[in-house]
$ cat start_20.pdb   # PDB, C-alpha atoms, pLDDT in the B column
ATOM      1  CA  MET H   1     -63.182  64.475  12.874  1.00 43.00           C
ATOM      2  CA  ALA H   2     -59.475  64.260  12.824  1.00 46.00           C
ATOM      3  CA  GLU H   3     -57.885  66.442  10.176  1.00 41.00           C
ATOM      4  CA  ASP H   4     -54.631  64.541  10.044  1.00 46.00           C
ATOM      5  CA  LEU H   5     -53.078  61.482  11.565  1.00 46.00           C
ATOM      6  CA  GLU H   6     -49.662  60.049  12.092  1.00 48.00           C
ATOM      7  CA  ARG H   7     -49.089  56.343  12.378  1.00 47.00           C
ATOM      8  CA  MET H   8     -46.580  55.068  14.895  1.00 44.00           C
ATOM      9  CA  GLU H   9     -46.277  51.350  14.321  1.00 45.00           C
ATOM     10  CA  GLY H  10     -45.133  49.180  17.153  1.00 44.00           C
ATOM     11  CA  THR H  11     -42.531  46.548  16.688  1.00 41.00           C
ATOM     12  CA  GLU H  12     -43.640  42.952  16.906  1.00 45.00           C
ATOM     13  CA  GLY H  13     -45.511  42.383  20.131  1.00 48.00           C
ATOM     14  CA  GLU H  14     -46.157  46.094  20.662  1.00 55.00           C
ATOM     15  CA  GLU H  15     -49.371  48.001  20.065  1.00 69.00           C
ATOM     16  CA  ASN H  16     -49.984  50.317  17.115  1.00 87.00           C
ATOM     17  CA  ILE H  17     -50.670  53.919  18.077  1.00 89.00           C
ATOM     18  CA  ILE H  18     -52.108  56.610  15.812  1.00 88.00           C
ATOM     19  CA  THR H  19     -51.882  60.291  16.688  1.00 89.00           C
ATOM     20  CA  LEU H  20     -54.961  62.176  15.538  1.00 88.00           C
ATOM     21  CA  THR H  21     -54.824  65.909  14.939  1.00 87.00           C
ATOM     22  CA  MET H  22     -58.298  67.162  15.781  1.00 83.00           C
ATOM     23  CA  ASP H  23     -60.183  70.024  14.120  1.00 85.00           C
ATOM     24  CA  ASP H  24     -59.171  72.395  16.932  1.00 90.00           C
ATOM     25  CA  GLY H  25     -55.463  71.603  16.448  1.00 90.00           C
ATOM     26  CA  SER H  26     -55.132  69.422  19.535  1.00 89.00           C
ATOM     27  CA  THR H  27     -53.651  65.951  19.226  1.00 90.00           C
ATOM     28  CA  LEU H  28     -54.866  62.676  20.657  1.00 91.00           C
ATOM     29  CA  ASP H  29     -52.962  59.393  20.787  1.00 92.00           C
ATOM     30  CA  CYS H  30     -55.178  56.382  20.099  1.00 93.00           C
ATOM     31  CA  LEU H  31     -54.588  52.663  20.232  1.00 92.00           C
ATOM     32  CA  VAL H  32     -55.522  50.907  16.992  1.00 92.00           C
ATOM     33  CA  VAL H  33     -57.942  48.257  18.224  1.00 90.00           C
ATOM     34  CA  GLY H  34     -58.439  46.827  14.757  1.00 91.00           C
ATOM     35  CA  ILE H  35     -59.755  47.235  11.250  1.00 92.00           C
ATOM     36  CA  VAL H  36     -62.997  45.525  10.208  1.00 93.00           C
ATOM     37  CA  GLY H  37     -64.637  45.144   6.832  1.00 93.00           C
ATOM     38  CA  VAL H  38     -68.341  45.652   6.253  1.00 94.00           C
ATOM     39  CA  ASP H  39     -70.004  45.633   2.829  1.00 92.00           C
ATOM     40  CA  GLU H  40     -66.662  45.940   1.002  1.00 92.00           C
ATOM     41  CA  LYS H  41     -65.601  48.968   3.058  1.00 94.00           C
ATOM     42  CA  ASP H  42     -63.060  49.115   5.881  1.00 95.00           C
ATOM     43  CA  TYR H  43     -63.520  50.731   9.278  1.00 96.00           C
ATOM     44  CA  ILE H  44     -60.958  51.393  11.975  1.00 95.00           C
ATOM     45  CA  ALA H  45     -61.592  51.203  15.710  1.00 94.00           C
ATOM     46  CA  LEU H  46     -59.468  53.551  17.820  1.00 94.00           C
ATOM     47  CA  MET H  47     -59.308  53.765  21.604  1.00 93.00           C
ATOM     48  CA  PRO H  48     -58.065  57.096  22.997  1.00 94.00           C
ATOM     49  CA  LEU H  49     -55.191  56.741  25.451  1.00 93.00           C
ATOM     50  CA  ASP H  50     -55.807  59.977  27.396  1.00 89.00           C
ATOM     51  CA  GLY H  51     -58.667  62.227  28.429  1.00 84.00           C
ATOM     52  CA  PRO H  52     -62.239  61.637  29.502  1.00 85.00           C
ATOM     53  CA  ASP H  53     -63.080  59.362  26.558  1.00 84.00           C
ATOM     54  CA  ALA H  54     -60.187  57.086  27.534  1.00 85.00           C
ATOM     55  CA  GLU H  55     -61.442  56.948  31.113  1.00 85.00           C
ATOM     56  CA  ASP H  56     -64.927  56.036  29.872  1.00 86.00           C
ATOM     57  CA  GLY H  57     -63.582  53.289  27.591  1.00 85.00           C
ATOM     58  CA  GLN H  58     -64.877  54.996  24.438  1.00 91.00           C
ATOM     59  CA  VAL H  59     -63.951  53.578  21.046  1.00 93.00           C
ATOM     60  CA  TYR H  60     -63.912  55.813  17.973  1.00 93.00           C
ATOM     61  CA  VAL H  61     -65.026  54.323  14.651  1.00 95.00           C
ATOM     62  CA  TYR H  62     -63.997  55.874  11.324  1.00 95.00           C
ATOM     63  CA  GLY H  63     -64.080  54.841   7.706  1.00 96.00           C
ATOM     64  CA  TYR H  64     -60.580  53.658   6.789  1.00 94.00           C
ATOM     65  CA  SER H  65     -58.589  53.570   3.583  1.00 93.00           C
ATOM     66  CA  GLU H  66     -55.019  54.084   2.443  1.00 90.00           C
ATOM     67  CA  ASP H  67     -53.770  56.513  -0.168  1.00 91.00           C
ATOM     68  CA  ALA H  68     -51.501  55.543  -3.090  1.00 94.00           C
ATOM     69  CA  GLU H  69     -48.448  55.729  -0.801  1.00 92.00           C
ATOM     70  CA  GLY H  70     -50.030  53.454   1.777  1.00 86.00           C
ATOM     71  CA  GLU H  71     -50.699  56.267   4.245  1.00 85.00           C
ATOM     72  CA  PRO H  72     -53.844  55.785   6.351  1.00 85.00           C
ATOM     73  CA  MET H  73     -56.866  58.001   5.698  1.00 89.00           C
ATOM     74  CA  LEU H  74     -59.854  58.367   8.023  1.00 92.00           C
ATOM     75  CA  GLU H  75     -63.307  59.654   7.227  1.00 93.00           C
ATOM     76  CA  ASP H  76     -66.333  60.418   9.338  1.00 92.00           C
ATOM     77  CA  ILE H  77     -69.269  58.042   8.987  1.00 95.00           C
ATOM     78  CA  GLU H  78     -72.216  60.337   8.386  1.00 94.00           C
ATOM     79  CA  ASP H  79     -74.893  57.808   7.438  1.00 95.00           C
ATOM     80  CA  ASP H  80     -76.631  56.381  10.515  1.00 96.00           C
ATOM     81  CA  ALA H  81     -77.296  52.972   8.953  1.00 96.00           C
ATOM     82  CA  GLU H  82     -73.666  52.677   7.830  1.00 96.00           C
ATOM     83  CA  PHE H  83     -72.478  53.670  11.298  1.00 96.00           C
ATOM     84  CA  GLU H  84     -74.709  51.051  12.945  1.00 96.00           C
ATOM     85  CA  LYS H  85     -73.239  48.309  10.722  1.00 96.00           C
ATOM     86  CA  ALA H  86     -69.676  49.459  11.389  1.00 96.00           C
ATOM     87  CA  ALA H  87     -70.309  49.752  15.135  1.00 94.00           C
ATOM     88  CA  ALA H  88     -71.788  46.233  15.231  1.00 94.00           C
ATOM     89  CA  ALA H  89     -68.686  44.851  13.489  1.00 94.00           C
ATOM     90  CA  VAL H  90     -66.429  46.724  15.930  1.00 93.00           C
ATOM     91  CA  ASP H  91     -68.462  45.399  18.883  1.00 91.00           C
ATOM     92  CA  ALA H  92     -67.979  41.843  17.562  1.00 91.00           C
ATOM     93  CA  LEU H  93     -64.232  42.493  17.238  1.00 89.00           C
ATOM     94  CA  LEU H  94     -64.057  43.820  20.797  1.00 87.00           C
ATOM     95  CA  GLU H  95     -65.909  40.771  22.112  1.00 86.00           C
ATOM     96  CA  GLU H  96     -63.538  38.481  20.204  1.00 84.00           C
ATOM     97  CA  LEU H  97     -60.487  40.302  21.567  1.00 79.00           C
ATOM     98  CA  ASP H  98     -61.929  40.269  25.080  1.00 76.00           C
ATOM     99  CA  GLY H  99     -62.372  36.504  24.811  1.00 74.00           C
ATOM    100  CA  GLU H 100     -58.693  36.070  23.912  1.00 68.00           C
ATOM    101  CA  GLU H 101     -57.462  37.589  27.185  1.00 59.00           C
TER
END

$ encode --input "start_20.pdb" --output "structure tokens"
Amino acid sequence: MAEDLERMEGTEGEENIITLTMDDGSTLDCLVVGIVGVDEKDYIALMPLDGPDAEDGQVYVYGYSEDAEGEPMLEDIEDDAEFEKAAAAVDALLEELDGEE
């Protein structure tokens, strides 16, 4: 899981990019695909911009919240059933976005 993240918000018409700092200290820029709600909890879908996961079209799904200052916080989804629900919601979002193109 990412230990830390930095949000770089695009101006209107630009994409939002988040830089994840991974457990090994490396960083990874990811496109924010969207945030979906499932069972009163939010999840964020991130698409890496570089590396093998980007080439494979992988999408990362994390639990999402914001701290008191409005800074984004990510958490691993450790429960398989919860992950399946979140992944299904992200898949629906991706299909919706794909239909808009």

$ residues_around --input "start_20.pdb" --residues "H:Glu40" --least-positions-apart "4" --cutoff "12 Å" --atoms "all atoms listed in the file" --output "PyMOL selection string"
chain H and resi 36+63-65+82+85-86

$ resolve_selection --input "start_20.pdb" --expression "the PyMOL selection byres ((chain H and resi 77) around 12)" --output "PDB file with C-alpha atoms, keeping the file's coordinate frame"
ATOM      1  CA  MET H   1     -63.182  64.475  12.874  1.00 43.00           C
ATOM      2  CA  LYS H  41     -65.601  48.968   3.058  1.00 94.00           C
ATOM      3  CA  ASP H  42     -63.060  49.115   5.881  1.00 95.00           C
ATOM      4  CA  TYR H  43     -63.520  50.731   9.278  1.00 96.00           C
ATOM      5  CA  ILE H  44     -60.958  51.393  11.975  1.00 95.00           C
ATOM      6  CA  TYR H  60     -63.912  55.813  17.973  1.00 93.00           C
ATOM      7  CA  VAL H  61     -65.026  54.323  14.651  1.00 95.00           C
ATOM      8  CA  TYR H  62     -63.997  55.874  11.324  1.00 95.00           C
ATOM      9  CA  GLY H  63     -64.080  54.841   7.706  1.00 96.00           C
ATOM     10  CA  TYR H  64     -60.580  53.658   6.789  1.00 94.00           C
ATOM     11  CA  LEU H  74     -59.854  58.367   8.023  1.00 92.00           C
ATOM     12  CA  GLU H  75     -63.307  59.654   7.227  1.00 93.00           C
ATOM     13  CA  ASP H  76     -66.333  60.418   9.338  1.00 92.00           C
ATOM     14  CA  GLU H  78     -72.216  60.337   8.386  1.00 94.00           C
ATOM     15  CA  ASP H  79     -74.893  57.808   7.438  1.00 95.00           C
ATOM     16  CA  ASP H  80     -76.631  56.381  10.515  1.00 96.00           C
ATOM     17  CA  ALA H  81     -77.296  52.972   8.953  1.00 96.00           C
ATOM     18  CA  GLU H  82     -73.666  52.677   7.830  1.00 96.00           C
ATOM     19  CA  PHE H  83     -72.478  53.670  11.298  1.00 96.00           C
ATOM     20  CA  GLU H  84     -74.709  51.051  12.945  1.00 96.00           C
ATOM     21  CA  LYS H  85     -73.239  48.309  10.722  1.00 96.00           C
ATOM     22  CA  ALA H  86     -69.676  49.459  11.389  1.00 96.00           C
ATOM     23  CA  ALA H  87     -70.309  49.752  15.135  1.00 94.00           C
TER      24      ALA H  87
END

$ closest_atom_pairs --input "start_20.pdb" --of "stretch 44-88 of chain H" --to "stretch 22-29 of chain H" --cutoff "10 Å" --atoms "all atoms listed in the file" --output "Markdown table"
| residue | atom | partner | partner_atom | distance |
| --- | --- | --- | --- | --- |
| H:Leu46 | CA | H:Asp29 | CA | 9.2 |
| H:Met47 | CA | H:Asp29 | CA | 8.5 |
| H:Pro48 | CA | H:Asp29 | CA | 6.0 |
| H:Leu49 | CA | H:Asp29 | CA | 5.8 |
| H:Asp50 | CA | H:Asp29 | CA | 7.2 |
| H:Gly51 | CA | H:Leu28 | CA | 8.7 |

$ atom_distance --input "start_20.pdb" --atom1 "atom CA of H:Thr19" --atom2 "atom CA of H:Val32"
10.1 Å

$ closest_residue --input "start_20.pdb" --among "H:Gly34, H:Asp39, H:Asn16, H:Ala45" --to "H:Gln58" --atoms "all atoms listed in the file"
H:Ala45

$ atom_distance --input "start_20.pdb" --atom1 "atom CA of H:Asp67" --atom2 "atom CA of H:Glu96"
28.9 Å

$ atom_distance --input "start_20.pdb" --atom1 "atom CA of H:Ile17" --atom2 "atom CA of H:Cys30"
5.5 Å

$ axis_aligned_box --input "start_20.pdb" --around "stretch 57-75 of chain H" --padding-each-side "8 Å" --output "JSON"
{"center_x": -56.7, "center_y": 56.5, "center_z": 12.3, "size_x": 32.6, "size_y": 22.4, "size_z": 46.7}
